[in-house]
$ cat input-v8.pdb   # PDB, C-alpha atoms
MODEL        1
ATOM      1  CA  MET A   1       0.000   0.000   0.000
ATOM      2  CA  SER A   2       1.379   3.409  -0.963
ATOM      3  CA  ASP A   3       2.688   5.820   1.643
ATOM      4  CA  ASN A   4       0.446   8.443   0.008
ATOM      5  CA  LEU A   5      -2.417   7.040   2.024
ATOM      6  CA  LEU A   6      -0.807   8.522   5.139
ATOM      7  CA  ASP A   7      -1.653  11.974   3.754
ATOM      8  CA  ILE A   8      -5.214  11.241   4.880
ATOM      9  CA  LEU A   9      -4.086  11.771   8.458
ATOM     10  CA  LYS A  10      -2.574  15.192   7.851
ATOM     11  CA  ASP A  11      -4.621  17.950   9.400
ATOM     12  CA  GLN A  12      -2.365  20.957   8.895
ATOM     13  CA  ALA A  13      -1.467  22.583   5.608
ATOM     14  CA  ASP A  14      -0.500  25.945   4.195
ATOM     15  CA  ILE A  15      -0.858  27.517   0.837
ATOM     16  CA  SER A  16       0.308  30.849  -0.556
ATOM     17  CA  GLU A  17      -2.212  33.399  -1.813
ATOM     18  CA  GLN A  18      -0.620  33.156  -5.234
ATOM     19  CA  GLU A  19      -0.968  29.361  -5.424
ATOM     20  CA  LEU A  20      -4.578  29.504  -4.308
ATOM     21  CA  MET A  21      -5.446  32.166  -6.874
ATOM     22  CA  GLN A  22      -3.667  30.291  -9.678
ATOM     23  CA  TYR A  23      -5.637  27.188  -8.670
ATOM     24  CA  LEU A  24      -8.939  29.085  -8.686
ATOM     25  CA  LYS A  25      -8.190  30.597 -12.080
ATOM     26  CA  GLY A  26      -7.410  27.127 -13.444
ATOM     27  CA  ASN A  27      -3.833  28.016 -14.345
ATOM     28  CA  LEU A  28      -2.152  24.887 -12.935
ATOM     29  CA  THR A  29      -1.123  21.583 -14.470
ATOM     30  CA  PRO A  30      -3.004  18.437 -13.308
ATOM     31  CA  GLU A  31      -0.060  17.504 -11.022
ATOM     32  CA  GLU A  32       0.052  20.983  -9.501
ATOM     33  CA  ARG A  33      -3.735  20.932  -9.059
ATOM     34  CA  HIS A  34      -3.484  17.659  -7.203
ATOM     35  CA  GLU A  35      -0.765  19.035  -4.921
ATOM     36  CA  VAL A  36      -2.918  22.054  -4.055
ATOM     37  CA  GLU A  37      -5.988  19.873  -3.548
ATOM     38  CA  LYS A  38      -4.061  17.606  -1.168
ATOM     39  CA  ARG A  39      -3.386  20.648   0.981
ATOM     40  CA  LEU A  40      -6.986  21.836   0.684
ATOM     41  CA  ALA A  41      -8.159  18.425   1.849
ATOM     42  CA  ALA A  42      -5.835  18.601   4.861
ATOM     43  CA  SER A  43      -7.195  21.864   6.247
ATOM     44  CA  ASP A  44     -10.833  22.754   6.925
ATOM     45  CA  MET A  45     -10.003  26.455   6.726
ATOM     46  CA  LEU A  46      -8.333  26.124   3.319
ATOM     47  CA  ALA A  47     -11.164  23.945   2.005
ATOM     48  CA  ASP A  48     -13.822  26.427   3.179
ATOM     49  CA  ALA A  49     -11.874  29.369   1.777
ATOM     50  CA  GLU A  50     -11.462  27.699  -1.608
ATOM     51  CA  GLU A  51     -15.166  26.850  -1.733
ATOM     52  CA  GLY A  52     -16.088  30.449  -0.897
ATOM     53  CA  LEU A  53     -13.651  32.060  -3.313
ATOM     54  CA  SER A  54     -14.702  29.754  -6.132
ATOM     55  CA  GLN A  55     -18.215  31.264  -5.849
ATOM     56  CA  LEU A  56     -16.943  34.722  -6.800
ATOM     57  CA  LYS A  57     -18.063  35.833 -10.224
ATOM     58  CA  ASN A  58     -15.074  38.081 -10.800
ATOM     59  CA  LYS A  59     -11.956  36.400  -9.455
ATOM     60  CA  GLU A  60      -9.740  39.160 -10.860
ATOM     61  CA  ASN A  61     -11.327  41.464  -8.292
ATOM     62  CA  VAL A  62     -10.087  39.462  -5.289
ATOM     63  CA  HIS A  63      -6.779  41.306  -5.079
ATOM     64  CA  THR A  64      -8.603  44.663  -4.793
ATOM     65  CA  VAL A  65     -10.927  43.267  -2.104
ATOM     66  CA  VAL A  66      -7.967  41.989  -0.065
ATOM     67  CA  THR A  67      -6.103  45.295  -0.465
ATOM     68  CA  ASP A  68      -9.181  47.245   0.712
ATOM     69  CA  LEU A  69      -9.690  44.954   3.704
ATOM     70  CA  ASN A  70      -6.027  45.293   4.669
ATOM     71  CA  LYS A  71      -6.296  49.072   4.402
ATOM     72  CA  GLN A  72      -9.323  49.053   6.694
ATOM     73  CA  LEU A  73      -7.459  46.788   9.116
ATOM     74  CA  TYR A  74      -4.567  49.249   9.149
ATOM     75  CA  GLU A  75      -6.996  52.076   9.996
ATOM     76  CA  GLN A  76      -8.592  50.013  12.785
ATOM     77  CA  LEU A  77      -5.154  49.390  14.271
ATOM     78  CA  GLN A  78      -4.174  53.072  13.924
ATOM     79  CA  LYS A  79      -7.309  54.092  15.845
ATOM     80  CA  ARG A  80      -6.422  51.612  18.564
ATOM     81  CA  ARG A  81      -2.888  52.990  18.771
ATOM     82  CA  HIS A  82      -4.252  56.523  19.064
ATOM     83  CA  LYS A  83      -6.641  55.458  21.837
ATOM     84  CA  SER A  84      -3.914  53.804  23.891
ATOM     85  CA  LYS A  85      -1.662  56.848  23.362
ATOM     86  CA  TYR A  86      -4.335  59.278  24.506
ATOM     87  CA  PRO A  87      -6.457  57.431  27.086
ATOM     88  CA  VAL A  88      -9.873  58.877  27.810
ATOM     89  CA  ILE A  89      -9.724  61.257  30.798
ATOM     90  CA  PRO A  90     -12.893  61.286  32.942
ATOM     91  CA  ASN A  91     -14.763  64.579  33.117
ATOM     92  CA  GLN A  92     -12.637  66.432  35.669
ATOM     93  CA  SER A  93     -15.120  69.163  36.576
ATOM     94  CA  LEU A  94     -17.744  66.536  37.475
ATOM     95  CA  LEU A  95     -15.174  64.849  39.712
ATOM     96  CA  ILE A  96     -14.331  68.143  41.468
ATOM     97  CA  ILE A  97     -18.006  69.049  42.036
ATOM     98  CA  THR A  98     -18.806  65.590  43.441
ATOM     99  CA  THR A  99     -15.830  65.723  45.825
ATOM    100  CA  PHE A 100     -16.812  69.227  46.933
ATOM    101  CA  LEU A 101     -20.424  68.187  47.608
ATOM    102  CA  ILE A 102     -19.307  65.155  49.638
ATOM    103  CA  LEU A 103     -17.016  67.385  51.726
ATOM    104  CA  VAL A 104     -19.839  69.903  52.335
ATOM    105  CA  LEU A 105     -22.146  67.065  53.432
ATOM    106  CA  ILE A 106     -19.482  65.746  55.825
ATOM    107  CA  VAL A 107     -19.011  69.235  57.372
ATOM    108  CA  ILE A 108     -22.805  69.747  57.747
ATOM    109  CA  ALA A 109     -23.169  66.312  59.351
ATOM    110  CA  PHE A 110     -20.280  67.095  61.717
ATOM    111  CA  VAL A 111     -21.825  70.457  62.734
ATOM    112  CA  VAL A 112     -25.287  68.933  63.295
ATOM    113  CA  ILE A 113     -23.925  66.078  65.412
ATOM    114  CA  TYR A 114     -21.718  68.519  67.399
ATOM    115  CA  LYS A 115     -24.665  70.846  68.132
ATOM    116  CA  MET A 116     -26.921  67.934  69.141
ATOM    117  CA  GLN A 117     -24.317  66.585  71.528
ATOM    118  CA  ASN A 118     -23.604  69.963  73.130
ATOM    119  CA  GLY A 119     -27.258  70.896  73.451
TER     120      GLY A 119
ATOM    121  CA  MET B   1       5.743  45.266   5.906
ATOM    122  CA  HIS B   2       4.012  42.048   4.913
ATOM    123  CA  THR B   3       6.898  40.683   2.827
ATOM    124  CA  LEU B   4       9.556  41.694   5.321
ATOM    125  CA  HIS B   5       8.027  39.579   8.090
ATOM    126  CA  SER B   6       6.697  36.720   5.981
ATOM    127  CA  THR B   7       9.099  34.204   7.523
ATOM    128  CA  ILE B   8       8.147  34.930  11.134
ATOM    129  CA  PRO B   9       5.847  32.176  12.462
ATOM    130  CA  ASP B  10       2.396  33.135  13.789
ATOM    131  CA  THR B  11       3.306  32.183  17.364
ATOM    132  CA  GLU B  12       6.325  34.467  17.293
ATOM    133  CA  LEU B  13       4.264  37.412  16.049
ATOM    134  CA  LEU B  14       1.773  36.784  18.854
ATOM    135  CA  ASN B  15       4.614  36.639  21.378
ATOM    136  CA  HIS B  16       5.958  39.972  20.116
ATOM    137  CA  TYR B  17       2.492  41.473  20.487
ATOM    138  CA  ASN B  18       2.037  40.079  23.991
ATOM    139  CA  THR B  19       5.471  41.387  25.009
ATOM    140  CA  ASP B  20       5.427  44.953  23.708
ATOM    141  CA  GLY B  21       1.709  45.463  22.936
ATOM    142  CA  ASP B  22       2.563  47.008  19.566
ATOM    143  CA  SER B  23      -0.406  46.444  17.261
ATOM    144  CA  LYS B  24       1.838  46.375  14.204
ATOM    145  CA  TRP B  25       2.455  42.673  15.004
ATOM    146  CA  LEU B  26      -1.289  42.045  14.934
ATOM    147  CA  GLY B  27      -1.477  43.805  11.591
ATOM    148  CA  ILE B  28       1.159  41.533  10.065
ATOM    149  CA  LEU B  29      -0.497  38.450  11.513
ATOM    150  CA  LEU B  30      -4.066  39.259  10.500
ATOM    151  CA  GLN B  31      -3.090  40.306   6.985
ATOM    152  CA  ARG B  32      -1.759  36.808   6.399
ATOM    153  CA  TYR B  33      -5.300  35.518   6.673
ATOM    154  CA  THR B  34      -7.309  38.234   4.879
ATOM    155  CA  LEU B  35      -7.818  36.212   1.693
ATOM    156  CA  LEU B  36      -8.654  32.989   3.536
ATOM    157  CA  LEU B  37     -11.051  34.786   5.889
ATOM    158  CA  PHE B  38     -12.770  36.419   2.941
ATOM    159  CA  GLY B  39     -13.120  32.984   1.322
ATOM    160  CA  VAL B  40     -14.503  31.398   4.501
ATOM    161  CA  CYS B  41     -17.034  34.232   4.953
ATOM    162  CA  MET B  42     -18.024  33.958   1.274
ATOM    163  CA  LYS B  43     -18.674  30.255   1.689
ATOM    164  CA  TYR B  44     -21.146  30.798   4.522
ATOM    165  CA  LEU B  45     -22.701  34.166   3.647
ATOM    166  CA  LYS B  46     -22.669  33.787  -0.147
ATOM    167  CA  ASN B  47     -22.585  37.539  -0.659
ATOM    168  CA  GLU B  48     -19.464  39.572  -1.416
ATOM    169  CA  GLU B  49     -20.435  42.719   0.495
ATOM    170  CA  GLU B  50     -21.604  40.786   3.559
ATOM    171  CA  ALA B  51     -18.424  38.716   3.453
ATOM    172  CA  LYS B  52     -16.276  41.870   3.385
ATOM    173  CA  ASP B  53     -18.181  43.306   6.378
ATOM    174  CA  ALA B  54     -17.816  40.002   8.205
ATOM    175  CA  VAL B  55     -14.026  39.971   7.688
ATOM    176  CA  GLN B  56     -13.813  43.484   9.134
ATOM    177  CA  GLN B  57     -15.858  42.417  12.153
ATOM    178  CA  VAL B  58     -13.663  39.346  12.619
ATOM    179  CA  PHE B  59     -10.603  41.621  12.584
ATOM    180  CA  GLU B  60     -12.239  43.884  15.153
ATOM    181  CA  LYS B  61     -13.086  40.953  17.394
ATOM    182  CA  SER B  62      -9.581  39.511  17.063
ATOM    183  CA  ILE B  63      -7.960  42.837  17.965
ATOM    184  CA  LYS B  64     -10.135  42.999  21.109
ATOM    185  CA  GLU B  65      -9.728  39.369  22.142
ATOM    186  CA  LEU B  66      -6.075  38.648  21.420
ATOM    187  CA  GLY B  67      -4.758  40.838  24.208
ATOM    188  CA  LYS B  68      -7.019  39.157  26.759
ATOM    189  CA  TYR B  69      -5.880  35.539  26.610
ATOM    190  CA  LYS B  70      -3.234  33.281  25.152
ATOM    191  CA  VAL B  71      -3.892  31.707  21.771
ATOM    192  CA  ASP B  72      -1.689  28.737  20.894
ATOM    193  CA  TYR B  73      -2.911  27.853  17.397
ATOM    194  CA  PHE B  74      -3.744  31.145  15.748
ATOM    195  CA  LYS B  75      -4.896  29.701  12.423
ATOM    196  CA  SER B  76      -7.427  27.338  14.036
ATOM    197  CA  TRP B  77      -8.527  30.108  16.399
ATOM    198  CA  ILE B  78      -9.161  32.751  13.724
ATOM    199  CA  TYR B  79     -10.927  30.152  11.570
ATOM    200  CA  MET B  80     -13.319  29.340  14.405
ATOM    201  CA  VAL B  81     -13.888  33.061  15.113
ATOM    202  CA  ALA B  82     -14.789  33.656  11.456
ATOM    203  CA  LYS B  83     -16.925  30.538  11.105
ATOM    204  CA  ASN B  84     -18.832  31.218  14.315
ATOM    205  CA  HIS B  85     -19.359  34.841  13.314
ATOM    206  CA  CYS B  86     -20.891  33.802   9.977
ATOM    207  CA  LEU B  87     -23.045  31.100  11.554
ATOM    208  CA  MET B  88     -24.358  33.576  14.128
ATOM    209  CA  LYS B  89     -25.227  35.980  11.308
ATOM    210  CA  LEU B  90     -27.080  33.227   9.479
ATOM    211  CA  ARG B  91     -28.876  32.236  12.652
ATOM    212  CA  ASP B  92     -29.926  35.848  13.306
ATOM    213  CA  LYS B  93     -31.372  35.964   9.808
ATOM    214  CA  GLY B  94     -33.248  32.747  10.528
ATOM    215  CA  LYS B  95     -31.340  30.887   7.859
ATOM    216  CA  LEU B  96     -29.971  28.321  10.279
ATOM    217  CA  PRO B  97     -31.745  26.410  13.063
ATOM    218  CA  LYS B  98     -30.299  26.999  16.557
ATOM    219  CA  GLU B  99     -29.364  23.375  17.217
ATOM    220  CA  ILE B 100     -27.397  23.139  13.961
ATOM    221  CA  THR B 101     -25.488  26.322  14.776
ATOM    222  CA  GLU B 102     -24.484  25.004  18.176
ATOM    223  CA  ARG B 103     -23.310  21.721  16.749
ATOM    224  CA  MET B 104     -21.316  23.427  14.009
ATOM    225  CA  MET B 105     -19.869  25.947  16.434
ATOM    226  CA  ALA B 106     -18.323  23.274  18.602
ATOM    227  CA  THR B 107     -14.570  23.610  18.990
ATOM    228  CA  PRO B 108     -12.664  21.347  16.602
ATOM    229  CA  ALA B 109     -11.528  18.054  18.038
ATOM    230  CA  GLU B 110      -8.013  17.857  19.371
ATOM    231  CA  GLU B 111      -5.405  16.887  16.861
ATOM    232  CA  ASN B 112      -4.563  13.230  17.015
ATOM    233  CA  ASN B 113      -1.018  12.159  16.597
ATOM    234  CA  TYR B 114      -1.590   8.629  15.389
ATOM    235  CA  ALA B 115       2.123   8.106  14.836
ATOM    236  CA  GLU B 116       2.639   8.214  18.594
ATOM    237  CA  HIS B 117       0.565   5.095  19.024
ATOM    238  CA  ILE B 118       1.266   3.012  15.943
ATOM    239  CA  GLU B 119       4.245   2.217  13.696
ATOM    240  CA  LYS B 120       4.056   3.538  10.124
ATOM    241  CA  ASP B 121       3.651   0.122   8.441
ATOM    242  CA  GLU B 122       0.928  -0.913  10.823
ATOM    243  CA  LEU B 123      -0.783   2.434  10.360
ATOM    244  CA  LEU B 124      -0.792   1.922   6.588
ATOM    245  CA  GLU B 125      -2.203  -1.565   6.950
ATOM    246  CA  ARG B 126      -4.942  -0.403   9.255
ATOM    247  CA  LEU B 127      -5.803   2.464   6.937
ATOM    248  CA  SER B 128      -6.044   0.196   3.906
ATOM    249  CA  ASN B 129      -8.198  -2.270   5.864
ATOM    250  CA  SER B 130     -10.464   0.526   7.068
ATOM    251  CA  LEU B 131     -10.903   1.709   3.474
ATOM    252  CA  HIS B 132     -13.143  -1.299   2.902
ATOM    253  CA  GLU B 133     -15.473  -0.132   5.645
ATOM    254  CA  LEU B 134     -16.274   3.081   3.779
ATOM    255  CA  ILE B 135     -19.234   3.384   1.461
ATOM    256  CA  PRO B 136     -18.203   2.604  -2.173
ATOM    257  CA  GLU B 137     -18.373   6.249  -3.350
ATOM    258  CA  GLN B 138     -16.104   7.461  -0.563
ATOM    259  CA  ARG B 139     -13.663   4.586  -1.050
ATOM    260  CA  LEU B 140     -13.458   5.185  -4.791
ATOM    261  CA  CYS B 141     -12.810   8.924  -4.431
ATOM    262  CA  ILE B 142     -10.248   8.429  -1.634
ATOM    263  CA  GLU B 143      -8.354   5.822  -3.683
ATOM    264  CA  GLN B 144      -8.353   7.942  -6.822
ATOM    265  CA  PHE B 145      -7.282  11.037  -4.928
ATOM    266  CA  TYR B 146      -4.657   9.729  -2.498
ATOM    267  CA  LEU B 147      -3.377   6.618  -4.245
ATOM    268  CA  HIS B 148      -3.678   7.537  -7.916
ATOM    269  CA  LYS B 149      -3.008  11.259  -7.343
ATOM    270  CA  LYS B 150      -5.922  12.359  -9.488
ATOM    271  CA  SER B 151      -7.304  15.889  -9.252
ATOM    272  CA  TYR B 152     -10.926  16.587  -8.250
ATOM    273  CA  VAL B 153     -11.850  17.376 -11.867
ATOM    274  CA  ALA B 154     -10.252  14.165 -13.173
ATOM    275  CA  ILE B 155     -12.147  12.087 -10.586
ATOM    276  CA  ALA B 156     -15.388  13.862 -11.438
ATOM    277  CA  ASP B 157     -14.822  13.172 -15.150
ATOM    278  CA  GLU B 158     -14.086   9.500 -14.571
ATOM    279  CA  THR B 159     -16.824   8.736 -12.072
ATOM    280  CA  GLY B 160     -19.598  11.004 -13.311
ATOM    281  CA  TYR B 161     -19.957  12.567  -9.858
ATOM    282  CA  THR B 162     -20.180  16.360  -9.614
ATOM    283  CA  LEU B 163     -17.176  18.307  -8.339
ATOM    284  CA  MET B 164     -19.010  19.026  -5.083
ATOM    285  CA  GLN B 165     -19.782  15.328  -4.624
ATOM    286  CA  VAL B 166     -16.127  14.410  -5.157
ATOM    287  CA  LYS B 167     -14.976  16.946  -2.570
ATOM    288  CA  SER B 168     -17.618  15.824  -0.145
ATOM    289  CA  TYR B 169     -16.849  12.086  -0.581
ATOM    290  CA  ILE B 170     -13.157  12.783   0.021
ATOM    291  CA  GLN B 171     -13.744  14.969   3.081
ATOM    292  CA  ASN B 172     -16.299  12.647   4.646
ATOM    293  CA  GLY B 173     -14.344   9.513   3.735
ATOM    294  CA  LYS B 174     -11.250  11.017   5.307
ATOM    295  CA  ARG B 175     -13.154  11.905   8.469
ATOM    296  CA  ASN B 176     -14.655   8.414   8.674
ATOM    297  CA  LEU B 177     -11.271   6.752   8.211
ATOM    298  CA  ARG B 178      -9.787   8.803  11.024
ATOM    299  CA  MET B 179     -12.704   7.939  13.269
ATOM    300  CA  LEU B 180     -12.335   4.232  12.495
ATOM    301  CA  LEU B 181      -8.643   4.416  13.307
ATOM    302  CA  LEU B 182      -9.241   6.277  16.534
ATOM    303  CA  LYS B 183     -11.904   3.788  17.546
ATOM    304  CA  GLN B 184      -9.418   0.941  17.058
ATOM    305  CA  ILE B 185      -6.737   2.711  19.105
ATOM    306  CA  ASN B 186      -9.140   3.535  21.937
ATOM    307  CA  HIS B 187     -10.442  -0.037  21.899
ATOM    308  CA  GLU B 188      -6.919  -1.428  22.378
ATOM    309  CA  ARG B 189      -6.026   0.857  25.273
TER     310      ARG B 189
ENDMDL
END

$ encode --input "input-v8.pdb" --output "structure tokens"
Amino acid sequence: MSDNLLDILKDQADISEQELMQYLKGNLTPEERHEVEKRLAASDMLADAEEGLSQLKNKENVHTVVTDLNKQLYEQLQKRRHKSKYPVIPNQSLLIITTFLILVLIVIAFVVIYKMQNG
Amino acid sequence: MHTLHSTIPDTELLNHYNTDGDSKWLGILLQRYTLLLFGVCMKYLKNEEEAKDAVQQVFEKSIKELGKYKVDYFKSWIYMVAKNHCLMKLRDKGKLPKEITERMMATPAEENNYAEHIEKDELLERLSNSLHELIPEQRLCIEQFYLHKKSYVAIADETGYTLMQVKSYIQNGKRNLRMLLLKQINHER
């Protein structure tokens, strides 16, 4: 029995974007197709991705889609960097007013208790 | 940026991110999977615009989650995040019954290192014996694909099955073979 059968047990595989796109466009020889398909069969993620991408009507457009998504990702990450660089400061005036009111209440309570105790 | 760091493994990029918190590492890592994530989302959502939105949301979720806990197998993790996201979307639209979503959203089974338990020759023998336990369609497609190195299209042409059937027979046959093997190993323990 051929050692090739052991490939059934493989559950990890990688493929380059270029190889996958060449496969989807049908630009590979039968041997190359089989090699790519062996890797697709070894990874659920690759198999799902291939199935999804093969549904696209305009496969030439994929590169633009990926570039746009990467650009948006870059912007998301830039926003995150900006946020961590300038953390949100709580409203300071609200904090000051609250502290002041608590202090006033403490003083009033102290005066009331003092007067009650000393008649 | 992408080309410069293309040789750095995923785990190393994650380690860099966990050490210095610089989101540039996340950018390099996530960009590696943009095309695959778009493909996965297309498979489930079947709409280009929705798939693009889904990829963006998966990126957003990953950026939020990755700093919180350790991820050992990034590829499997991001795949599950994307798949679950799409299935939830389908469920919200009423296109998928709840029980199916939950079953499909289950975490993938742990990888099995069969080689740890059995010698290569014995493994081959067991695999070839188990082949006979598969249904004829699965056995035929598995043999043509793995033993005769035929492509999906060539198998479809020879057998008269559709391309989707060939893929499905191979995937399901493969899964069944692994289950049969695992059952044997567990039985012997």

$ interface_residues --input "input-v8.pdb" --of "chain A" --to "chain B" --cutoff "9 Å" --atoms "only C-alpha atoms" --output "PyMOL selection string"
chain A and resi 1-9+11+17+30-35+37-38+41-42+44-56+62-63+65-67+69-70+72-74+76-78+80-81

$ atom_distance --input "input-v8.pdb" --atom1 "CA of Ile155 in chain B" --atom2 "CA of Arg139 in chain B"
12.2 Å

$ atom_distance --input "input-v8.pdb" --atom1 "CA of Leu105 in chain A" --atom2 "CA of Gln117 in chain A"
18.2 Å

$ axis_aligned_box --input "input-v8.pdb" --around "range 110-115 of chain A" --padding-each-side "5 Å" --output "JSON"
{"center_x": -22.8, "center_y": 68.5, "center_z": 64.9, "size_x": 15.0, "size_y": 14.8, "size_z": 16.4}

$ atom_distance --input "input-v8.pdb" --atom1 "CA of Asp14 in chain A" --atom2 "CA of Leu131 in chain B"
26.4 Å

$ closest_residue --input "input-v8.pdb" --among "B:Thr19, B:Thr11, B:Glu122, B:Ala156" --to "Ile185 in chain B" --atoms "only C-alpha atoms"
B:Glu122

$ closest_residue --input "input-v8.pdb" --among "A:Ile96, A:Ala13, A:Glu75, A:Met21" --to "Asn61 in chain A" --atoms "all atoms listed in the file"
A:Met21

$ closest_residue --input "input-v8.pdb" --among "B:Tyr73, B:Glu50, B:Lys68, B:Val81" --to "Glu12 in chain B" --atoms "all atoms listed in the file"
B:Tyr73

$ closest_residue --input "input-v8.pdb" --among "B:Gln138, B:Ser6, B:Ser130, B:Asn84" --to "Gln165 in chain B" --atoms "all atoms listed in the file"
B:Gln138
